[in-house]
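Engineer: For reference, the file protein15.tsv (TSV, C-alpha atoms) is included below:
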```
chain	number	residue	atom	x	y	z
X	1	MET	CA	8.04	-42.10	36.45
X	2	PRO	CA	8.01	-38.30	36.03
X	3	PHE	CA	4.22	-38.11	36.32
X	4	VAL	CA	4.20	-40.06	39.58
X	5	ALA	CA	7.03	-37.93	40.98
X	6	ALA	CA	5.21	-34.72	40.00
X	7	THR	CA	1.98	-35.95	41.58
X	8	ARG	CA	3.84	-36.86	44.75
X	9	SER	CA	5.44	-33.40	44.87
X	10	VAL	CA	2.05	-31.70	44.45
X	11	GLY	CA	0.66	-33.79	47.29
X	12	ARG	CA	3.57	-32.91	49.57
X	13	ALA	CA	3.17	-29.23	48.71
X	14	GLY	CA	-0.54	-29.42	49.55
X	15	LEU	CA	0.19	-31.01	52.92
X	16	PHE	CA	2.84	-28.38	53.57
X	17	THR	CA	0.30	-25.64	52.84
X	18	LEU	CA	-2.15	-27.18	55.30
X	19	SER	CA	0.56	-27.38	57.94
X	20	VAL	CA	1.35	-23.67	57.43
X	21	LEU	CA	-2.29	-22.71	57.84
X	22	ARG	CA	-2.66	-24.95	60.88
X	23	ALA	CA	0.44	-23.45	62.50
X	24	SER	CA	-0.76	-19.86	61.96
X	25	LYS	CA	-1.87	-19.00	65.48
X	26	PRO	CA	-1.95	-15.31	66.52
X	27	THR	CA	0.29	-15.63	69.56
X	28	ALA	CA	2.59	-12.86	70.81
X	29	ASP	CA	5.67	-14.64	69.45
X	30	PHE	CA	3.99	-15.13	66.08
X	31	LEU	CA	3.07	-11.44	65.83
X	32	ARG	CA	6.61	-10.39	66.72
X	33	GLU	CA	8.00	-12.62	63.97
X	34	LEU	CA	5.34	-11.34	61.57
X	35	VAL	CA	6.31	-7.69	62.13
X	36	ARG	CA	9.99	-8.57	61.71
X	37	GLU	CA	9.29	-10.39	58.43
X	38	ILE	CA	7.11	-7.56	57.12
X	39	TYR	CA	10.08	-5.25	57.55
X	40	LYS	CA	12.55	-7.73	56.04
X	41	ILE	CA	10.61	-8.78	52.95
X	42	GLY	CA	8.26	-5.82	52.59
X	43	ALA	CA	9.96	-2.58	53.56
X	44	ARG	CA	13.31	-3.66	52.15
X	45	SER	CA	11.66	-4.43	48.80
X	46	LEU	CA	10.38	-0.86	48.38
X	47	PRO	CA	13.41	0.53	46.48
X	48	ILE	CA	13.33	-2.06	43.70
X	49	ILE	CA	9.52	-1.78	43.50
X	50	ALA	CA	9.75	2.01	43.22
X	51	VAL	CA	12.37	1.96	40.48
X	52	GLY	CA	10.60	-0.83	38.59
X	53	GLY	CA	7.22	0.93	38.80
X	54	ALA	CA	8.60	4.26	37.57
X	55	PHE	CA	10.32	2.78	34.53
X	56	VAL	CA	7.32	0.60	33.66
X	57	GLY	CA	5.13	3.70	33.72
X	58	LEU	CA	7.54	5.60	31.48
X	59	SER	CA	7.87	2.69	29.02
X	60	VAL	CA	4.13	1.98	28.77
X	61	THR	CA	3.34	5.67	28.30
X	62	LEU	CA	5.85	6.03	25.48
X	63	LEU	CA	4.67	2.84	23.79
X	64	GLY	CA	1.01	3.75	24.21
X	65	TYR	CA	1.48	7.27	22.88
X	66	ARG	CA	3.24	6.03	19.75
X	67	ALA	CA	0.51	3.45	19.09
X	68	LEU	CA	-2.50	5.67	19.90
X	69	ASP	CA	-1.19	8.78	18.15
X	70	THR	CA	-1.43	6.90	14.87
X	71	TYR	CA	-5.22	6.83	15.30
X	72	GLY	CA	-5.52	10.31	16.77
X	73	ALA	CA	-6.23	9.01	20.28
X	74	ALA	CA	-3.10	10.11	22.11
X	75	ASN	CA	-5.21	11.55	24.94
X	76	GLN	CA	-6.29	7.99	25.82
X	77	VAL	CA	-2.78	6.99	26.89
X	78	SER	CA	-3.72	7.15	30.59
X	79	ALA	CA	-6.62	4.74	29.98
X	80	MET	CA	-4.29	2.19	28.45
X	81	LEU	CA	-1.85	2.68	31.29
X	82	GLY	CA	-4.48	2.37	34.03
X	83	LEU	CA	-6.13	-0.75	32.63
X	84	GLY	CA	-2.82	-2.40	31.84
X	85	LEU	CA	-1.40	-1.63	35.27
X	86	TYR	CA	-4.30	-2.67	37.45
X	87	ARG	CA	-5.40	-5.67	35.42
X	88	GLU	CA	-2.04	-7.21	34.54
X	89	LEU	CA	1.26	-5.38	34.87
X	90	GLY	CA	0.99	-4.11	38.43
X	91	PRO	CA	0.28	-7.38	40.29
X	92	VAL	CA	2.40	-9.56	37.99
X	93	LEU	CA	5.53	-7.41	37.85
X	94	THR	CA	5.35	-6.65	41.56
X	95	ALA	CA	5.12	-10.36	42.32
X	96	LEU	CA	8.05	-11.17	40.01
X	97	LEU	CA	10.20	-8.45	41.58
X	98	PHE	CA	9.14	-9.66	45.02
X	99	ILE	CA	10.15	-13.22	44.14
X	100	GLY	CA	13.56	-12.10	42.96
X	101	ARG	CA	14.15	-9.92	46.03
X	102	ALA	CA	12.29	-11.62	48.91
X	103	GLY	CA	11.37	-15.09	47.62
X	104	SER	CA	14.99	-15.97	47.03
X	105	SER	CA	15.78	-14.69	50.53
X	106	ILE	CA	13.09	-16.88	52.10
X	107	ALA	CA	14.34	-19.98	50.29
X	108	ALA	CA	17.98	-19.24	51.14
X	109	GLU	CA	17.27	-18.59	54.83
X	110	LEU	CA	15.23	-21.77	55.27
X	111	GLY	CA	17.74	-23.78	53.25
X	112	LEU	CA	20.54	-22.52	55.46
X	113	MET	CA	18.50	-23.36	58.55
X	114	ARG	CA	18.12	-26.88	57.18
X	115	ALA	CA	21.84	-27.14	56.37
X	116	THR	CA	22.86	-26.00	59.86
X	117	ASP	CA	20.29	-28.25	61.61
X	118	GLN	CA	18.38	-25.30	63.08
X	119	ILE	CA	15.07	-26.76	61.88
X	120	THR	CA	15.91	-30.09	63.52
X	121	ALA	CA	16.89	-28.27	66.70
X	122	LEU	CA	13.53	-26.50	66.82
X	123	GLY	CA	11.77	-29.85	66.62
X	124	LEU	CA	13.95	-31.28	69.41
X	125	MET	CA	12.96	-28.31	71.61
X	126	ALA	CA	9.25	-29.08	70.98
X	127	ILE	CA	8.88	-25.92	68.87
X	128	ASP	CA	6.97	-26.31	65.64
X	129	PRO	CA	9.49	-25.27	62.92
X	130	VAL	CA	6.69	-24.52	60.47
X	131	GLY	CA	4.97	-22.19	62.91
X	132	LYS	CA	8.23	-20.54	63.92
X	133	ALA	CA	10.03	-20.18	60.59
X	134	VAL	CA	7.46	-20.52	57.80
X	135	ALA	CA	4.06	-19.16	58.89
X	136	PRO	CA	5.27	-15.60	59.67
X	137	ARG	CA	7.00	-15.39	56.29
X	138	PHE	CA	3.87	-16.65	54.53
X	139	TRP	CA	1.51	-14.12	56.09
X	140	ALA	CA	4.03	-11.32	55.70
X	141	ALA	CA	4.11	-12.00	51.95
X	142	VAL	CA	0.31	-12.14	51.74
X	143	LEU	CA	0.11	-8.73	53.42
X	144	CYS	CA	3.08	-7.08	51.72
X	145	VAL	CA	2.58	-7.92	48.05
X	146	PRO	CA	-0.76	-6.03	47.75
X	147	LEU	CA	0.82	-3.02	49.49
X	148	LEU	CA	3.84	-3.22	47.23
X	149	THR	CA	1.49	-3.44	44.24
X	150	ALA	CA	-0.19	-0.22	45.33
X	151	PHE	CA	3.23	1.43	45.63
X	152	PHE	CA	4.26	0.08	42.21
X	153	CYS	CA	1.12	1.40	40.53
X	154	SER	CA	1.42	4.78	42.26
X	155	LEU	CA	4.99	5.25	41.03
X	156	ALA	CA	4.07	4.05	37.54
X	157	ILE	CA	1.16	6.50	37.26
X	158	SER	CA	3.24	9.36	38.67
X	159	ALA	CA	6.03	8.71	36.16
X	160	SER	CA	3.47	8.37	33.37
X	161	TYR	CA	1.88	11.68	34.32
X	162	PHE	CA	5.23	13.43	34.22
X	163	GLU	CA	6.08	12.05	30.80
X	164	ALA	CA	2.62	12.45	29.27
X	165	VAL	CA	2.01	16.00	30.51
X	166	HIS	CA	5.44	17.57	30.71
X	167	VAL	CA	7.19	15.78	27.82
X	168	ILE	CA	4.56	14.62	25.33
X	169	GLY	CA	2.10	17.47	25.91
X	170	VAL	CA	-1.13	15.78	27.02
X	171	GLU	CA	-3.42	18.07	29.02
X	172	SER	CA	-3.17	17.45	32.77
X	173	GLY	CA	-6.95	17.45	33.33
X	174	VAL	CA	-7.53	15.14	30.38
X	175	PHE	CA	-4.92	12.70	31.69
X	176	TRP	CA	-6.59	12.35	35.10
X	177	GLN	CA	-10.17	12.39	33.80
X	178	VAL	CA	-9.52	9.64	31.25
X	179	LEU	CA	-7.74	7.56	33.90
X	180	LYS	CA	-10.63	8.04	36.34
X	181	ASP	CA	-13.27	7.11	33.76
X	182	SER	CA	-11.45	4.01	32.49
X	183	VAL	CA	-10.55	2.30	35.79
X	184	ASP	CA	-13.44	0.73	37.69
X	185	PHE	CA	-13.00	0.38	41.45
X	186	GLY	CA	-14.46	-3.09	41.83
X	187	LYS	CA	-13.59	-4.67	38.51
X	188	ASP	CA	-10.07	-3.32	38.10
X	189	PHE	CA	-8.74	-1.71	41.29
X	190	ALA	CA	-9.98	-4.26	43.84
X	191	MET	CA	-9.26	-7.25	41.63
X	192	ALA	CA	-5.65	-6.10	41.23
X	193	PHE	CA	-5.08	-6.40	44.96
X	194	ALA	CA	-6.91	-9.72	45.15
X	195	LYS	CA	-4.54	-11.05	42.50
X	196	ALA	CA	-1.58	-9.56	44.37
X	197	ALA	CA	-2.56	-11.35	47.60
X	198	VAL	CA	-2.81	-14.67	45.74
X	199	PHE	CA	0.56	-14.09	44.07
X	200	GLY	CA	2.13	-13.26	47.45
X	201	ALA	CA	0.77	-16.48	48.94
X	202	VAL	CA	2.02	-18.53	45.97
X	203	ALA	CA	5.47	-16.93	46.04
X	204	ALA	CA	5.90	-17.43	49.79
X	205	LEU	CA	4.62	-21.02	49.78
X	206	VAL	CA	6.86	-22.09	46.91
X	207	ALA	CA	9.95	-20.40	48.36
X	208	ALA	CA	9.28	-21.76	51.85
X	209	TYR	CA	8.50	-25.27	50.65
X	210	VAL	CA	11.62	-25.51	48.50
X	211	GLY	CA	13.87	-24.00	51.18
X	212	PHE	CA	12.35	-26.03	54.02
X	213	HIS	CA	12.92	-29.31	52.15
X	214	ALA	CA	16.32	-28.43	50.68
X	215	GLU	CA	19.25	-30.79	50.86
X	216	PRO	CA	21.21	-30.04	54.07
X	217	THR	CA	24.28	-28.78	52.21
X	218	ILE	CA	25.50	-25.44	50.86
X	219	GLU	CA	24.92	-26.70	47.33
X	220	GLY	CA	21.41	-27.77	48.30
X	221	THR	CA	20.70	-24.25	49.54
X	222	SER	CA	21.84	-22.68	46.27
X	223	VAL	CA	19.80	-25.17	44.23
X	224	ALA	CA	16.74	-24.50	46.39
X	225	THR	CA	17.08	-20.74	45.90
X	226	THR	CA	17.26	-21.08	42.12
X	227	LYS	CA	14.37	-23.54	42.05
X	228	ALA	CA	12.23	-21.27	44.24
X	229	VAL	CA	12.66	-18.27	41.94
X	230	VAL	CA	11.99	-20.24	38.76
X	231	ASN	CA	9.01	-22.24	40.05
X	232	ALA	CA	7.37	-19.31	41.83
X	233	SER	CA	7.72	-17.05	38.77
X	234	LEU	CA	6.14	-19.64	36.48
X	235	LEU	CA	3.29	-20.29	38.93
X	236	VAL	CA	2.58	-16.56	39.22
X	237	LEU	CA	2.31	-16.27	35.44
X	238	MET	CA	0.05	-19.33	35.31
X	239	PHE	CA	-2.22	-18.09	38.12
X	240	ASN	CA	-2.36	-14.68	36.46
X	241	PHE	CA	-3.72	-16.18	33.26
X	242	VAL	CA	-6.30	-18.27	35.11
X	243	MET	CA	-7.48	-15.38	37.30
X	244	SER	CA	-7.60	-12.95	34.36
X	245	ALA	CA	-9.69	-15.40	32.35
X	246	LEU	CA	-12.12	-15.82	35.25
X	247	LEU	CA	-12.29	-12.25	36.58
X	248	PHE	CA	-12.07	-10.02	33.50
X	249	ARG	CA	-14.73	-11.33	31.17
```
Represent the structure from my file as structure tokens, please.
Structural biologist:
Amino acid sequence: MPFVAATRSVGRAGLFTLSVLRASKPTADFLRELVREIYKIGARSLPIIAVGGAFVGLSVTLLGYRALDTYGAANQVSAMLGLGLYRELGPVLTALLFIGRAGSSIAAELGLMRATDQITALGLMAIDPVGKAVAPRFWAAVLCVPLLTAFFCSLAISASYFEAVHVIGVESGVFWQVLKDSVDFGKDFAMAFAKAAVFGAVAALVAAYVGFHAEPTIEGTSVATTKAVVNASLLVLMFNFVMSALLFR
């Protein structure tokens, strides 16, 4: 039955999460792998995050100006941008871009390790494959997605400032003052990075779980990669709604 199969999958995913947390021991080998994964899935994701953030800032500013100018409130465009970025767009879009760039890579790498029996070989050598191949990727995602969110928001605000001040004609001081007054540090700024850390954990766990348990074939690896991107994206959107409903009352 589909319900029984779904329940069984949720249970396996929960046990897999516990095994990842249990295998996360701060040894020298673990830290080396962690630094390597931070570079692979974090630093290499910066270009797409930068481009995405800039164009989101430009698009939101243009849309906000057209809507607010109707009511004579064009100077409030930075307030709409700041609240929209830190509460919703920043963490969510960063996580979705991260899933497309790094989540697919995690699933493909682990699926290929499964197809080439590298995971089995680690077990035969008495090396925990979860601790060696999964835990560093998980913690790298938890650390990187909030940092990438900060980078995304910075580029979006910079692009918005350029368009609002130098193209539309909003006063520079008004732009920054309205942004400063509208964004609260604890309620908006800090919560954005809390959401980003949760989204990073969800993205990494889904990608690692699907790749780790992929069919040991080339086709299984491709199916796992597709499934990881789709499932992780949907879970991020679901968690975003739940966290927004609980945090921003």
Engineer: Would you work out the distance separating atom CA of X:Lys25 from atom CA of X:Arg101, expressed in Å to one decimal?
Structural biologist: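 These two atoms are separated by 26.8 Å.
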Engineer: Just how far from atom CA of X:Thr61 is atom CA of X:Glu163, in Å to one decimal?
Structural biologist: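 According to the coordinates, atom CA of X:Glu163 and atom CA of X:Thr61 are separated by 7.4 Å.
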Engineer: Taking all atoms listed in the file into account, name the residue in X:Ala164, X:Val236, X:Leu148, X:Ala207 that is nearest to X:Phe193.
Structural biologist: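 Closest residue, counting all atoms listed in the file: X:Leu148.
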Engineer: Compile the contact shell of X:Ala133 as a ChimeraX atom specification: residues with an atom at most 12 Å away, counting only C-alpha atoms, same-chain residues fewer than 3 positions apart removed.
Structural biologist: /X:20,23-24,29-30,33-34,36-37,106-107,109-114,118-120,122-123,127-130,136-140,204,208-209,211-212
Engineer: Pick out the closest residue to X:Val142 from this set: X:Val92, X:Val229, X:Val77, X:Ala196. Count only C-alpha atoms.
Structural biologist: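 Ranking X:Val92, X:Val229, X:Val77, X:Ala196 by distance to X:Val142, first place goes to X:Ala196.
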Engineer: Within 8 Å of X:Pro91, counting only C-alpha atoms, which residues qualify if same-chain residues fewer than 5 places away don't, as a list in words?
Structural biologist: Leu85, Tyr86, Pro146, Thr149, Ala192, Phe193, Lys195, Ala196 and Phe199 of chain X
Engineer: Would you please work out which residue, of X:Ser45, X:Thr17, X:Thr226, X:Ser182, is nearest to X:Ala201 when using all atoms listed in the file?
Structural biologist: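 Of X:Ser45, X:Thr17, X:Thr226, X:Ser182, the one nearest X:Ala201 is X:Thr17, counting all atoms listed in the file.
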Engineer: Find the residue from X:Lys132, X:His166, X:Lys180, X:Arg8 that sits nearest to X:Leu81; use all atoms listed in the file when measuring.
Structural biologist: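 Closest residue, counting all atoms listed in the file: X:Lys180.
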Engineer: Tell me, in Å to one decimal, how far atom CA of X:Gly52 is from atom CA of X:Val198.
Structural biologist: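 Answer for the atom CA of X:Gly52 to atom CA of X:Val198 separation: 20.6 Å.
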Engineer: Hey, which of X:Gly103, X:Pro26, X:Gly53, X:Gly82 ends up closest to X:Gly200? Count all atoms listed in the file.
Structural biologist: X:Gly103
Engineer: Point out the residue among X:Val210, X:Leu234, X:Gly173, X:Tyr71 with the least atom-to-atom distance to X:Arg12, counting only C-alpha atoms.
Structural biologist: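 Of X:Val210, X:Leu234, X:Gly173, X:Tyr71, the one nearest X:Arg12 is X:Val210, counting only C-alpha atoms.
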Engineer: Box for stretch 30-40 of chain X - axis-aligned, 3 Å on each of the six sides, all listed atoms - centre and size in Å to one decimal, as lines of an AutoDock Vina configuration file.
Structural biologist:
```
center_x = 7.8
center_y = -10.2
center_z = 61.4
size_x = 15.5
size_y = 15.9
size_z = 16.7
```
